[in-house]
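J.: Quick one: this structure, given as structure tokens, is what I'll be asking you about.
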Amino acid sequence: MKESIQSTLFKYGLVLISIATLFAVHNTCRAQLLNEPEKGTKKITLLCSDNDLDLYKRIGLHMVSKGFTIENPSSDFFTFNTGPKKASRNDVSYKVNFAVSGSKVIITMLWRVDAVIAHHPESSFQEWEYKQRVNNIGNVIFKDLTAALTGFQCDDSQYSK
């Protein structure tokens, strides 16, 4: 009888571990941006469950942990920008603009061609727009941002033009 109880407890333990593992995997996957955006997307919105102040602090700390610098923070308006960051395509830099409104993080980006590497006059920053071609700047920067947001917990994401 003792072996039967131990066997039953072992089986229940395995079931509980499996459920806990699935829950942890689900929570980690939630942080990823959902689908590939449509061509022409200019804004990404992350839907979270935090209040605006906590969300503002959390997204800022997350971006700093991913190697970004914070510029122009406003705790009155819950906005900040990142400093320029080299994209994975070396001739390009980009900046990310964050605005927190309620439980939403609204993200837009700016990009430029860097003069030193491209041997051209440095361009001014321009508005980011998603393009579907693999080597297009809009696609490269989106992939870089997606990598930077890995591990950031949110419930959903939306794209808009």
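Chain lettering (A, B, ...) mirrors the order of the structure tokens, residue numbering begins at 1 for each chain separately, and ligand numbering begins at 1 in order of display.
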What are the nearest atom pairs, with distances in Å to one decimal, for all residues of range 91-125 of chain A that come at most 12 Å from range 64-75 of chain A, using only C-alpha atoms, set out by chain and rising residue number as a Markdown table?

T.:
```
| residue | atom | partner | partner_atom | distance |
| --- | --- | --- | --- | --- |
| A:Ser93 | CA | A:Phe68 | CA | 12.0 |
| A:Tyr94 | CA | A:Phe68 | CA | 10.7 |
| A:Lys95 | CA | A:Phe68 | CA | 9.1 |
| A:Val96 | CA | A:Phe68 | CA | 9.3 |
| A:Asn97 | CA | A:Glu71 | CA | 9.5 |
| A:Phe98 | CA | A:Pro73 | CA | 9.5 |
| A:Ala99 | CA | A:Ser74 | CA | 9.5 |
| A:Val100 | CA | A:Ser75 | CA | 10.0 |
| A:Ser101 | CA | A:Ser75 | CA | 11.8 |
```

J.: Please provide the set of residues having any atom within 12 Å of Val140 in chain A, restricted to only C-alpha atoms, with same-chain residues fewer than 5 positions apart removed, written as a PDB file with N, CA, C and O atoms, in the first residue's frame.

T.:
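Okay, out04.pdb is ready:
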```
ATOM      1  N   LYS A  86      23.377  51.158 -32.568  1.00  0.00           N
ATOM      2  CA  LYS A  86      23.750  50.530 -33.844  1.00  0.00           C
ATOM      3  C   LYS A  86      22.803  49.368 -34.126  1.00  0.00           C
ATOM      4  O   LYS A  86      22.545  48.549 -33.258  1.00  0.00           O
ATOM      5  N   ALA A  87      22.315  49.321 -35.338  1.00  0.00           N
ATOM      6  CA  ALA A  87      21.471  48.199 -35.757  1.00  0.00           C
ATOM      7  C   ALA A  87      22.373  47.022 -36.115  1.00  0.00           C
ATOM      8  O   ALA A  87      23.593  47.176 -36.253  1.00  0.00           O
ATOM      9  N   SER A  88      21.782  45.862 -36.274  1.00  0.00           N
ATOM     10  CA  SER A  88      22.571  44.691 -36.678  1.00  0.00           C
ATOM     11  C   SER A  88      23.116  44.873 -38.092  1.00  0.00           C
ATOM     12  O   SER A  88      24.067  44.211 -38.476  1.00  0.00           O
ATOM     13  N   ARG A  89      22.519  45.758 -38.836  1.00  0.00           N
ATOM     14  CA  ARG A  89      23.081  46.182 -40.124  1.00  0.00           C
ATOM     15  C   ARG A  89      23.958  47.383 -39.788  1.00  0.00           C
ATOM     16  O   ARG A  89      23.459  48.457 -39.451  1.00  0.00           O
ATOM     17  N   ASN A  90      25.262  47.239 -39.870  1.00  0.00           N
ATOM     18  CA  ASN A  90      26.214  48.176 -39.276  1.00  0.00           C
ATOM     19  C   ASN A  90      26.191  49.604 -39.800  1.00  0.00           C
ATOM     20  O   ASN A  90      26.748  50.483 -39.167  1.00  0.00           O
ATOM     21  N   ASP A  91      25.604  49.856 -40.932  1.00  0.00           N
ATOM     22  CA  ASP A  91      25.617  51.219 -41.460  1.00  0.00           C
ATOM     23  C   ASP A  91      24.420  52.045 -40.985  1.00  0.00           C
ATOM     24  O   ASP A  91      24.194  53.147 -41.448  1.00  0.00           O
ATOM     25  N   VAL A  92      23.681  51.523 -40.024  1.00  0.00           N
ATOM     26  CA  VAL A  92      22.437  52.158 -39.579  1.00  0.00           C
ATOM     27  C   VAL A  92      22.400  52.250 -38.056  1.00  0.00           C
ATOM     28  O   VAL A  92      22.829  51.332 -37.360  1.00  0.00           O
ATOM     29  N   SER A  93      21.871  53.374 -37.547  1.00  0.00           N
ATOM     30  CA  SER A  93      21.558  53.528 -36.128  1.00  0.00           C
ATOM     31  C   SER A  93      20.068  53.796 -36.000  1.00  0.00           C
ATOM     32  O   SER A  93      19.451  54.318 -36.941  1.00  0.00           O
ATOM     33  N   TYR A  94      19.510  53.477 -34.838  1.00  0.00           N
ATOM     34  CA  TYR A  94      18.097  53.753 -34.616  1.00  0.00           C
ATOM     35  C   TYR A  94      17.857  54.184 -33.185  1.00  0.00           C
ATOM     36  O   TYR A  94      18.667  53.914 -32.298  1.00  0.00           O
ATOM     37  N   TRP A 111      15.387  56.175 -37.563  1.00  0.00           N
ATOM     38  CA  TRP A 111      16.622  55.554 -38.018  1.00  0.00           C
ATOM     39  C   TRP A 111      17.392  56.519 -38.907  1.00  0.00           C
ATOM     40  O   TRP A 111      16.832  57.483 -39.428  1.00  0.00           O
ATOM     41  N   TRP A 128      10.620  55.442 -38.773  1.00  0.00           N
ATOM     42  CA  TRP A 128      10.686  54.029 -39.137  1.00  0.00           C
ATOM     43  C   TRP A 128       9.365  53.584 -39.734  1.00  0.00           C
ATOM     44  O   TRP A 128       8.289  53.990 -39.310  1.00  0.00           O
ATOM     45  N   GLU A 129       9.477  52.749 -40.746  1.00  0.00           N
ATOM     46  CA  GLU A 129       8.308  52.107 -41.347  1.00  0.00           C
ATOM     47  C   GLU A 129       8.714  50.683 -41.690  1.00  0.00           C
ATOM     48  O   GLU A 129       9.763  50.455 -42.277  1.00  0.00           O
ATOM     49  N   TYR A 130       7.872  49.730 -41.329  1.00  0.00           N
ATOM     50  CA  TYR A 130       8.195  48.326 -41.567  1.00  0.00           C
ATOM     51  C   TYR A 130       8.103  47.990 -43.048  1.00  0.00           C
ATOM     52  O   TYR A 130       7.156  48.373 -43.734  1.00  0.00           O
ATOM     53  N   LYS A 131       9.110  47.281 -43.515  1.00  0.00           N
ATOM     54  CA  LYS A 131       9.136  46.734 -44.879  1.00  0.00           C
ATOM     55  C   LYS A 131       9.409  45.248 -44.756  1.00  0.00           C
ATOM     56  O   LYS A 131      10.129  44.812 -43.868  1.00  0.00           O
ATOM     57  N   GLN A 132       8.849  44.469 -45.658  1.00  0.00           N
ATOM     58  CA  GLN A 132       8.932  43.023 -45.518  1.00  0.00           C
ATOM     59  C   GLN A 132      10.195  42.394 -46.098  1.00  0.00           C
ATOM     60  O   GLN A 132      10.528  41.276 -45.743  1.00  0.00           O
ATOM     61  N   ARG A 133      10.904  43.089 -46.954  1.00  0.00           N
ATOM     62  CA  ARG A 133      12.123  42.501 -47.523  1.00  0.00           C
ATOM     63  C   ARG A 133      13.154  42.289 -46.420  1.00  0.00           C
ATOM     64  O   ARG A 133      13.364  43.163 -45.579  1.00  0.00           O
ATOM     65  N   VAL A 134      13.827  41.166 -46.442  1.00  0.00           N
ATOM     66  CA  VAL A 134      14.707  40.740 -45.356  1.00  0.00           C
ATOM     67  C   VAL A 134      15.807  41.752 -45.046  1.00  0.00           C
ATOM     68  O   VAL A 134      16.060  42.058 -43.896  1.00  0.00           O
ATOM     69  N   ASN A 135      16.483  42.289 -46.033  1.00  0.00           N
ATOM     70  CA  ASN A 135      17.602  43.200 -45.776  1.00  0.00           C
ATOM     71  C   ASN A 135      17.193  44.661 -45.742  1.00  0.00           C
ATOM     72  O   ASN A 135      18.045  45.536 -45.625  1.00  0.00           O
ATOM     73  N   LEU A 145      14.624  45.330 -32.582  1.00  0.00           N
ATOM     74  CA  LEU A 145      13.734  45.697 -31.480  1.00  0.00           C
ATOM     75  C   LEU A 145      13.089  44.452 -30.876  1.00  0.00           C
ATOM     76  O   LEU A 145      12.996  44.324 -29.659  1.00  0.00           O
ATOM     77  N   THR A 146      12.667  43.535 -31.720  1.00  0.00           N
ATOM     78  CA  THR A 146      12.069  42.291 -31.233  1.00  0.00           C
ATOM     79  C   THR A 146      13.050  41.559 -30.321  1.00  0.00           C
ATOM     80  O   THR A 146      12.673  41.076 -29.245  1.00  0.00           O
ATOM     81  N   ALA A 147      14.310  41.503 -30.718  1.00  0.00           N
ATOM     82  CA  ALA A 147      15.326  40.852 -29.882  1.00  0.00           C
ATOM     83  C   ALA A 147      15.488  41.600 -28.556  1.00  0.00           C
ATOM     84  O   ALA A 147      15.614  40.978 -27.499  1.00  0.00           O
TER      85      ALA A 147
END
```

J.: Calculated over only C-alpha atoms, which of the candidates A:Thr45, A:Thr82, A:Val105, A:Lys39 has the smallest distance to Arg58 in chain A?

T.: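 Answer, going by the shortest atom-to-atom distance: A:Val105.
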
J.: Take CA of Ser160 in chain A and CA of Thr79 in chain A and report the distance between them in Å, one decimal.

T.: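 Going from CA of Ser160 in chain A over to CA of Thr79 in chain A, I get 19.0 Å.
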
J.: Which neighbours of Ile59 in chain A fall inside 8 Å, counting only C-alpha atoms, when residues of the same chain fewer than 4 positions from it are skipped, and could you give them as a VMD selection string?

T.: chain A and resid 55 63 152

J.: Of the candidates A:Asn81, A:Thr108, A:Ser49, A:Ser123, which shows the shortest atom-to-atom distance to Cys154 in chain A, using only C-alpha atoms?

T.: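 Counting only C-alpha atoms, the residue closest to Cys154 in chain A is A:Ser49.
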
J.: Considering only C-alpha atoms, return as a PyMOL selection string whatever protein or nucleic-acid residues lie within 6 Å of Leu47 in chain A, sequence-local ones (same chain, fewer than 6 positions apart) excluded.

T.: chain A and resi 104+154-157

J.: Limited to N, CA and C atoms, could you put the picked residues into a file as a CSV table (one decimal), in the first residue's frame?

T.:
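Printed below is out.csv as written:
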```csv
chain,number,residue,atom,x,y,z
A,104,LYS,N,-0.7,50.5,-21.7
A,104,LYS,CA,-0.2,50.3,-23.0
A,104,LYS,C,1.2,51.0,-23.1
A,154,CYS,N,4.4,41.1,-21.4
A,154,CYS,CA,3.2,41.8,-21.8
A,154,CYS,C,2.1,40.8,-22.3
A,155,ASP,N,0.9,41.2,-22.4
A,155,ASP,CA,-0.2,40.3,-22.7
A,155,ASP,C,-0.5,40.2,-24.2
A,156,ASP,N,-0.2,41.2,-24.9
A,156,ASP,CA,-0.5,41.2,-26.4
A,156,ASP,C,0.2,42.3,-27.0
A,157,SER,N,0.2,42.3,-28.3
A,157,SER,CA,0.8,43.4,-29.1
A,157,SER,C,-0.1,43.7,-30.3
```

J.: Counting only C-alpha atoms, figure out which residue out of A:Gly40, A:Phe78, A:Gly138, A:Lys143 gets nearest to Gly102 in chain A.

T.: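 Looking at the shortest contact to Gly102 in chain A, the residue is A:Phe78.
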
J.: Pick out each residue of range 46-83 of chain A that DSSP on the backbone tags as strand (DSSP E); I need them as a ChimeraX atom specification.

T.: /A:46-47,70-74,79-82

J.: Would you mind exporting the chosen residues as a PDB file, in the first residue's frame, restricted to C-alpha atoms?

T.:
```
ATOM      1  CA  LEU A  46       2.277  46.491 -26.211  1.00  0.00           C
ATOM      2  CA  LEU A  47      -0.744  45.696 -24.051  1.00  0.00           C
ATOM      3  CA  ILE A  70      17.625  56.606 -21.879  1.00  0.00           C
ATOM      4  CA  GLU A  71      17.207  60.171 -23.135  1.00  0.00           C
ATOM      5  CA  ASN A  72      14.538  62.781 -22.434  1.00  0.00           C
ATOM      6  CA  PRO A  73      12.621  60.891 -19.735  1.00  0.00           C
ATOM      7  CA  SER A  74       9.394  62.524 -18.598  1.00  0.00           C
ATOM      8  CA  THR A  79       7.624  59.125 -22.168  1.00  0.00           C
ATOM      9  CA  PHE A  80      11.296  58.567 -22.981  1.00  0.00           C
ATOM     10  CA  ASN A  81      13.533  57.979 -25.972  1.00  0.00           C
ATOM     11  CA  THR A  82      16.555  55.764 -26.250  1.00  0.00           C
TER      12      THR A  82
END
```

J.: Measure the distance from CA of Leu110 in chain A to CA of Phe125 in chain A in Å and round it to one decimal.

T.: 5.6 Å

J.: With only C-alpha atoms as the atoms that count, which of A:Gln158, A:Ala115, A:Leu53, A:Met109 lies nearest to Ile141 in chain A?

T.: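 For Ile141 in chain A, the nearest of the candidates is A:Met109.
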